Structure formats: structure tokens, C-alpha cells
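S.K.: My questions all concern the structure below.
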Amino acid sequence: MKSRKAIDQLFKEGQRFSVPPFHVRYQFTAAELKFGITVSSKNFKKAVDRNRVKRLVREAWRLQKNELQLAVAGKNKGLDIFLIYTAKELPDYSLIEDKISIVLKKLLKLANEIPAANS
RNA sequence: GCUACAAGCCAGGCUAUCGACUUGAGUGAUCAGGUAGGAAAGUCCGGACAGCACAGAGCAAUGCACCGGUGAAGAGCCGGCUUCCAGACCCUGAGCUUGUUGAAGGGUCGGGAAAGAGAUAGUGCCACAGAAAAUAACUGCCUUCGGGUAAGGGUGAAAACGUGAGGUAAGAGCUCACGGCUUUUGAUGGUAACAUCAUGGGCGGGUAAACCUUGCAUGCUGAAAUGCCACGUAUAGUACCGUUGGAGGGCUGCUCGCCCAAGCCUGCCUUACGGCAGUCAGGGUACAGGGUAGGCAGAUGGAUUCCGGUGGGUAACUGCCGGAACAGAUAAAUGAUAGCCCACGACAGAAUCCGGCUUACCGGCUUGUAGCUUUU
RNA sequence: UGACCCAUGGUGUAACGGUAGCACUACAGAUUUUGGUUCUGUCUGUUAAGGUUCGAAUCCUUAUGGGUCAA
């Protein structure tokens, strides 16, 4: 997700849940699966640290996203997801990998519950 | 060999798998190449580049301040000058404890530091102590009782150049000798700062990183600059101006002064730029409000960096020849996992670009200097 | 990316270049049967490092930390 408008709309209308250290906001749409990540500069003062967290999250997302993508595409729907990293310590990759898989399972369950759109 | 200091260089490596950004080739699947720093940081200096419709003058403001060189430029760098600082060695030898001691002084040597113009252009300030902190009053001294004097006053960071002699009523650079500082003129050496010598004048403290004076320099803004394309909105609102000139804007912060500044249509003149006439307000300026916030250029190869050779220069630096290297994102790439090796990995991440300075930094290597030790 | 400002006890604030004050807090003592109030006393200090000056919180330079502004 890159568009400021879309992000604003997601934060205004979307639903949310929390899997520490992540807050997740999501909203089902008509387009495809989209994903964004943010890290607060309050928690990490250096841009380099923020970028590293973002990189790790993107890597974990890239490796695990396929199942969810298929589920959403199978119902002819889109899904906007935005993650907020809330911890104050630099994580290692295995932690991020675990937490992202939990997030994905929750989302997958939610995706299976909604009715399919008629295309 | 060890230790210390200074300067320079390097800043984990390799393999496999899966990715990200980007360049090239290909119709395409895909293939091939490239991808963080010495500080990318701080933003402390200096530029390039861009815009401001460029006419300047005075004032203000800011910066710089020994000389020469270097370089695109600089508050950078290199070399020199002057002053100061601590040291080593040598000479001399006060003192009393007569020694393997070393006060004051002189010479030589290399090293370090300096925002290093002006304190008789003016103004201000100088706590405490002290008679007094600056055109000399008080005490003292002398006196012909009108006055003269800055020797003595021991406090302080600082007290009217220091020592000795002359001189005098008492005194005083008042005079002289030696010495110190400052300065005029001349000579010699040096590109110059300056040095040496001669000569004349002066020596009424400190502070200019107090105000200030003198000299020199500086237009402002800053890639969120700037140019273009697309999408979208409001042909609406308020005020002012509108060819008989001007709302407003610019030139430097201020003043003066100067400059720029307006459309559509028709006709005539001109090669063109443009000019003249008619005509309308549909034009212009400022404000408020509304819309958009996408793309392209700027933008990454240049005063570039490194290596080798060869010249110039004490050096900084630089000429020529040959070779090699150089990311370019835009919610913003440069990553993840596994294995192996070693010295076990510090500080830290590009955002228009470049030259410096400063600061941070695990460790390793090279060179130089000094000291100690070992061997010959 | 660029421009600018600030830093004084635990807290809030003063201070011409000349002994760093004030209030609250904390601690101790007095008063009180005890506590509070009140009174007295004490502790705690110029962000760091250099420089100018006889002397620096103040002036200058560099660094550190914090903050503000500009689409």
C-alpha cells in the first residue's frame, strides 16, 4: 500500500486486531491483496533501524503470503492490510516469522468467513 | 624486539538458495551486469547549479584581519615572519649543608602554540585589597608660605620603563651611561611579512572573543530551487486597478532613486521586433476559498577518485602519458536463510553534486620519529 | 532538505565579566501528648571540552542533548 488516500480510508473505516508486537488493520475491498508496514520513530530514532524492521517484515510476508492470496482471490475480493510495529527492541527474523504466520492465520480465517463476491 | 607519538591505508571474506532497486539485450519467457561510507553524520566554512522582469547610491548588517603560495573558492592546506611557552645541552657560578648542589643571567638546538590590524581617534569597564585603578587627590618631602613635587606609601592580575650616576630647596627621563619597548627617515638583504645598521622622536597601566575605529569582502533565496505534462476545481466571492495610466511587484534589511507591470477582436504601417488607431471589460493585482498532491526533467561521469610511469615545486599542489573505478531510491532498493574460514567484525546507511573542517569508531597493516633492551 | 532557538540544585525560575540567589521539595532540630501549621538550620549547582581575560553561568569556538519553523 502506497497511496495516502487508501491508508487514510483504511484507518478510518477498517477493522483491527492485535498480535503483539503488531497492531493489524484490515479492510476487504474489491481490488487485490495489498499490504503495508510502519514503524514509529518514537520507538526507533534511527531511520536505519526502522528500515531494518520493515525489511524483515516484508521478507516474512513475502515467504508466507501465498495461501492468503489464493483464498482472497478465490472469492473475487481484495484485502487491504496495514501492520504497525509497536515494540521498542530490534527483533530478530525468527520472531517476526512466527508472529506474521499467526497474523496470516487469523486473516485467512476471516477471509474464509466472508461471502464470495459475484463477479 | 618492545613501548609511546604522528601520518597514511583497510573496515570481515567465500559459496549456495530465495528476493528488492536499477541498466542493457530480447516480441516474450528470460538472460547478463551494477547496487552503501571513511565518516554517507554534524551543517561549521567554501563553491557548482537554479530562480528572482537586475540600475544603482547612502546607511545598516554580517564576515575576515602578519606575509607569500596553493586552488574554482574558503575561517581549508603548505611554506615563511613575529611574539610567547615548556624543554635539552653548554657557559657562568649566588647561596651554605662544601655537594653527583645549582639562584639570577647568557648562548646553541630542535619542538609546540597563536581569532597575530588599531589601546596618544573616542566612549565604557577594571570586584576585593590599596593613599591612588588614571589629565592625579591624600599622606609624605621641600618651601621665600604664593606654592613645588611624583623619590618613599606594599596592596593588587595590573601602580607612570629598569639599574646606576649627575642634578635639586625637595624631586622628577630633568640630564647622562647601559639596557628594554614603540615609532619617523635612510641604507643593505628579502617577492613580502620582516631582519640588521645608522638617525630623529616618544615611553600617562590593562581590556577591542567591551562598544568601537581602520582596511577588505559580501545581492537575496535554496532541489520542498526551477521548467514542463496530465488529472481535477468555482465561467463563483471580496477589495483595488484598468491606455487621461497604473492595482501591485522587483532591485539588498531600511531610505532615496530606478526599473517592471495588464488582455480579446478589428484596421493600418513595418522584412521582423514592434508601433498607431478603434472597441469591449471577457483583462490584471491582492486576499480568502476550492481542487490536485500523479508523471517527466533537474538527477547522478565530475573543478571526480585511485594506481603506475615521468617532469615542475622545500611543500601544499600540479603538467603529460597509460590503465582502472564510479549506487540512484521516491512510504523511499542495497536484504533473508544455511554452511565454511579467520584477526570473531567498531562507528554507522546515500536523497542535487563537489572541495574542506569537526565529531564517532572493534581492530589490523605500512611508514617515520623518540626512548629502552639484545646481538654483531 | 534547509533555517533557527534553548540548556543554572529534585522542580520552577533570578543573576552589569567580580562571593551563584529565591520559592517549593527533601533531611535534621525546636514548638506540640501526637500530627499538621509555624520557626531555625542543612543538603543538592551553571550540559561537556578548549580558548580570551587578573577573573567566565555570562564573551568566543567545538561537541552533546532537547526543542521550534518552512510544502
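In the C-alpha cells, chains take the letters A, B, ... in the order shown, each chain's residues start at 1, and ligands count up from 1 in the order shown.
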Compute the set of chain A residues within 8 Å of chain B, using only C-alpha atoms (C1' of nucleotides), and express it as an NGL selection string.
M.R.: :A and (2 or 48 or 55-56 or 59)
S.K.: Calculate how many Å separate atom C1' of C259 of chain B from atom C1' of A281 of chain B, rounding to one decimal.
M.R.: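 Between these atoms lies a distance of 28.6 Å.
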S.K.: Could you name the residues that touch G55 of chain C at 12 Å or less, counting only C-alpha atoms (C1' of nucleotides), but leaving out those on the same chain fewer than 3 positions away, as a PyMOL selection string?
M.R.: (chain B and resi 126-128+157) or (chain C and resi 17-18+52)
S.K.: Can you tell me, as a list in words, what residues are no more than 7 Å from segment 7-16 of chain C when counting only C-alpha atoms (C1' of nucleotides), ignoring any on the same chain fewer than 4 positions away?
M.R.: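 Result of the neighbour search: G21, U44, G45, U46, U47 and A57 of chain C.
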S.K.: In Å to one decimal, how far is atom C1' of A350 of chain B from atom C1' of A225 of chain B?
M.R.: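 These two atoms are separated by 20.7 Å.
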